[in-house]
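First the structure, in the form of C-alpha cells, and then the observations on it.
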Amino acid sequence: MTTAAQRTPAAGARRSWTPGQIVLTLLGAAVSLVFLAPLAWALSTSLKSETEAVEVPPHWLPRDWTGQAWTAVLETGNITDWLVNSLVVSVCVTAIVLVVSALAGYGFARTEFRGKNALLGVVMAGLMVSPAVLGVPLFTTVQQMGMVDTYWGMILPQCAPAAMVYILYKFFQGVPRELEEAAFIDGAGRWRVFLTIIVPLSRPSLAAVGIFTFISSWNNFLWPYMVTNNPDLMTMPNGIATVMNSYGIQWAQLMAGGLLAGLPLIVVFVFFQRQIVAGVAHTGLAGQ
C-alpha cells in the first residue's frame, strides 16, 4: 500500500511548469528582448569605429572592438559639468514638484472652497496642453525676469505638474477620512494631520511621483536648450547634442553619449523599481 508520505512530493522538490506559466515566461522574455535590443545596439555601435558604424548592411558585433568613441566623448565634452547641472536641475525640480503637487492634491481632495471645481478644471486642462506650445511665452517670461542662463530659469518652468497633482489628488481621495477626523478630535490641526498622517501614508505615491518627475526632468531637452546658451550650464542631453553638432554626426560617439546620459536613469530604475511599481499601484489610476 502506498503511504501518504510516498504520495506527497518532497518539500524541496520543484513543481513542473504549467503551459500557462511557460507561455507567460516566453512572452515576458520576448517583450524584454524588444526593450533591450536598442540598448544592446547602442552599446555595440559605441564599441565600433566610425567607419564600421555606418556600414551597410549593419552588423551587431564589432569586427574590431574599440573604445575610441567613448574616449572622444569624454575628451571633447565637459561631461562632469553637464552631469552636475543635470543633477542640480532634476533634484530641485523633483523636490519642488513633490511639495507643490502634494499640497495642491491634498487641498483639492480634502478642503472645500468657492470655485474649487473650476480651479481643478483649470489645473486638469494643463494635461491637454503640449509643453512645446508653451515654449515661446515661457521663454518670454523667463527673459523678462532675467533668468536666462540661470539654474532657476531651467527649474521653475518645469514645476507646473498637472499630472502629478492629479495622481496625488486621486490617492488622497482614497485615504479614509476617519483617520483625519480622529486626529481632529484629539486636537490636531490641518497641517499636523497632513504631515503626520497623510504624508506617511502616501509614501509609495510620493516615491512614484518623485521618480517620474526626476526621469522627465533629466530627459528634458527642449526647455534647457531654449533657455541656456552658456556651455557651463548645459545639461547632459544638451551637452551631448552640442558635441554631436560641432563635429557632425558621429554615430559611434552619438551612441556612447546617449548611453552616458541614460546611465543615471538606469541606475535609478534598478534601485527604485519596487517603489515605481508600488507607487503606480497606489496612485488610484488603475481603474481610470
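Residues are named by chain letter and number: chains run A, B, ... in the order of the C-alpha cells, numbers start at 1 in each chain, and ligands are numbered from 1 in the order shown.
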Within region 36-187 of chain A, find each residue whose DSSP state, derived from the backbone, is helix (DSSP H, G or I), and express the selection as a ChimeraX atom specification.
/A:36-46,50-53,68-76,79-110,116-128,135-144,151-158,162-173,177-185
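Within the 9 Å cut-off around Ala160 (chain A), using only C-alpha atoms and omitting residues fewer than 6 positions from it on the same chain, the listed residues are Val97, Val100, Ser101 and Gly126 of chain A.
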Could you dump the residues just selected with C-alpha atoms as a compact mmCIF listing (two decimals), in the first residue's frame?
```txt
# COMPACT_ATOMS: atom_id res chain seq x y z
CA VAL A 97 7.10 69.26 -7.68
CA VAL A 100 3.57 71.64 -4.80
CA SER A 101 1.71 68.56 -6.04
CA GLY A 126 -2.89 71.61 -18.28
```
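Of the residues listed (A:Arg110, A:Ala104, A:Thr242, A:Phe221), A:Arg110 shows the shortest atom-to-atom separation from Pro176 (chain A); distances use only C-alpha atoms.
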Spatial neighbours of region 137-149 of chain A, max dist 10 Å, only C-alpha atoms, sep filter under 6 positions, as an MDAnalysis selection string
chainID A and resid 131 156:157 223:224 226:234
Quick one: write out the picked residues with N, CA, C and O atoms as a PDB file, in the first residue's frame?
```pdb
ATOM      1  N   PRO A 131       3.730  70.854 -23.831  1.00  0.00           N
ATOM      2  CA  PRO A 131       4.774  71.782 -23.350  1.00  0.00           C
ATOM      3  C   PRO A 131       5.410  72.584 -24.464  1.00  0.00           C
ATOM      4  O   PRO A 131       5.846  73.724 -24.246  1.00  0.00           O
ATOM      5  N   LEU A 156      12.267  76.441 -12.659  1.00  0.00           N
ATOM      6  CA  LEU A 156      10.908  76.888 -12.328  1.00  0.00           C
ATOM      7  C   LEU A 156       9.869  76.557 -13.396  1.00  0.00           C
ATOM      8  O   LEU A 156       8.757  76.125 -13.050  1.00  0.00           O
ATOM      9  N   PRO A 157      10.138  76.745 -14.702  1.00  0.00           N
ATOM     10  CA  PRO A 157       9.096  76.406 -15.685  1.00  0.00           C
ATOM     11  C   PRO A 157       8.745  74.922 -15.736  1.00  0.00           C
ATOM     12  O   PRO A 157       7.730  74.558 -16.339  1.00  0.00           O
ATOM     13  N   TRP A 223      13.440  72.481 -23.291  1.00  0.00           N
ATOM     14  CA  TRP A 223      13.445  73.702 -22.495  1.00  0.00           C
ATOM     15  C   TRP A 223      14.849  74.139 -22.080  1.00  0.00           C
ATOM     16  O   TRP A 223      15.203  75.330 -22.260  1.00  0.00           O
ATOM     17  N   PRO A 224      15.713  73.271 -21.532  1.00  0.00           N
ATOM     18  CA  PRO A 224      17.082  73.729 -21.239  1.00  0.00           C
ATOM     19  C   PRO A 224      17.820  74.214 -22.483  1.00  0.00           C
ATOM     20  O   PRO A 224      18.642  75.129 -22.411  1.00  0.00           O
ATOM     21  N   MET A 226      16.429  75.813 -24.974  1.00  0.00           N
ATOM     22  CA  MET A 226      15.912  77.136 -25.304  1.00  0.00           C
ATOM     23  C   MET A 226      16.448  78.213 -24.374  1.00  0.00           C
ATOM     24  O   MET A 226      16.730  79.335 -24.800  1.00  0.00           O
ATOM     25  N   VAL A 227      16.587  77.900 -23.099  1.00  0.00           N
ATOM     26  CA  VAL A 227      16.846  78.927 -22.096  1.00  0.00           C
ATOM     27  C   VAL A 227      18.319  79.016 -21.703  1.00  0.00           C
ATOM     28  O   VAL A 227      18.688  79.872 -20.899  1.00  0.00           O
ATOM     29  N   THR A 228      19.168  78.168 -22.281  1.00  0.00           N
ATOM     30  CA  THR A 228      20.576  78.135 -21.890  1.00  0.00           C
ATOM     31  C   THR A 228      21.467  78.272 -23.108  1.00  0.00           C
ATOM     32  O   THR A 228      21.375  77.484 -24.049  1.00  0.00           O
ATOM     33  N   ASN A 229      22.337  79.289 -23.075  1.00  0.00           N
ATOM     34  CA  ASN A 229      23.363  79.461 -24.098  1.00  0.00           C
ATOM     35  C   ASN A 229      24.762  79.260 -23.550  1.00  0.00           C
ATOM     36  O   ASN A 229      25.713  79.125 -24.321  1.00  0.00           O
ATOM     37  N   ASN A 230      24.882  79.265 -22.249  1.00  0.00           N
ATOM     38  CA  ASN A 230      26.178  79.113 -21.596  1.00  0.00           C
ATOM     39  C   ASN A 230      26.574  77.640 -21.571  1.00  0.00           C
ATOM     40  O   ASN A 230      25.866  76.823 -20.974  1.00  0.00           O
ATOM     41  N   PRO A 231      27.691  77.261 -22.193  1.00  0.00           N
ATOM     42  CA  PRO A 231      28.096  75.838 -22.191  1.00  0.00           C
ATOM     43  C   PRO A 231      28.305  75.275 -20.790  1.00  0.00           C
ATOM     44  O   PRO A 231      28.155  74.076 -20.578  1.00  0.00           O
ATOM     45  N   ASP A 232      28.659  76.145 -19.832  1.00  0.00           N
ATOM     46  CA  ASP A 232      28.906  75.674 -18.472  1.00  0.00           C
ATOM     47  C   ASP A 232      27.624  75.315 -17.729  1.00  0.00           C
ATOM     48  O   ASP A 232      27.681  74.702 -16.660  1.00  0.00           O
ATOM     49  N   LEU A 233      26.454  75.707 -18.254  1.00  0.00           N
ATOM     50  CA  LEU A 233      25.178  75.403 -17.602  1.00  0.00           C
ATOM     51  C   LEU A 233      24.375  74.354 -18.345  1.00  0.00           C
ATOM     52  O   LEU A 233      23.245  74.061 -17.953  1.00  0.00           O
ATOM     53  N   MET A 234      24.928  73.775 -19.390  1.00  0.00           N
ATOM     54  CA  MET A 234      24.186  72.795 -20.172  1.00  0.00           C
ATOM     55  C   MET A 234      23.992  71.506 -19.391  1.00  0.00           C
ATOM     56  O   MET A 234      24.850  71.105 -18.603  1.00  0.00           O
TER      57      MET A 234
END
```
All residues 8 Å or closer to Val89 (chain A), only C-alpha atoms, same chain fewer than 6 positions away omitted, as a VMD selection string
chain A and resid 151 154 to 155 217 to 218
Env of region 256-270 of chain A: 7 Å cut, atoms = only C-alpha atoms, seq-sep filter 2 positions within chain, self excluded. Answer as a ChimeraX atom specification.
/A:46,69-70,73,215,236-237,240,252-254,272-273
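Note that CA of Met255 (chain A) and CA of Ser44 (chain A) are 8.8 Å apart.
Distances from A:Ala72, A:Ala37, A:Leu98, A:Ala188 to Thr213 (chain A) were compared using only C-alpha atoms, and the smallest one belongs to A:Leu98.
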So the first atom is CA of Ser86 (chain A) and the second is CA of Tyr225 (chain A); what is the distance between them in Å, to one decimal place?
12.4 Å
My list of candidates is A:Pro19, A:Gly105, A:Gly153, A:Pro62. Which is closest to Val199 (chain A) when distances are computed with only C-alpha atoms?
A:Gly105
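Across the model, the gap from CA of Ala132 (chain A) to CA of Asn220 (chain A) is 11.4 Å.
If only C-alpha atoms are the atoms counted, then among A:Ile96, A:Val136, A:Ile249, A:Leu87 the closest residue to Met164 (chain A) is A:Ile96.
The shortest atom-to-atom distance to Arg63 (chain A), with only C-alpha atoms taken into account, belongs to A:Ser49 out of A:Ser49, A:Trp251, A:Gln173, A:Glu75.
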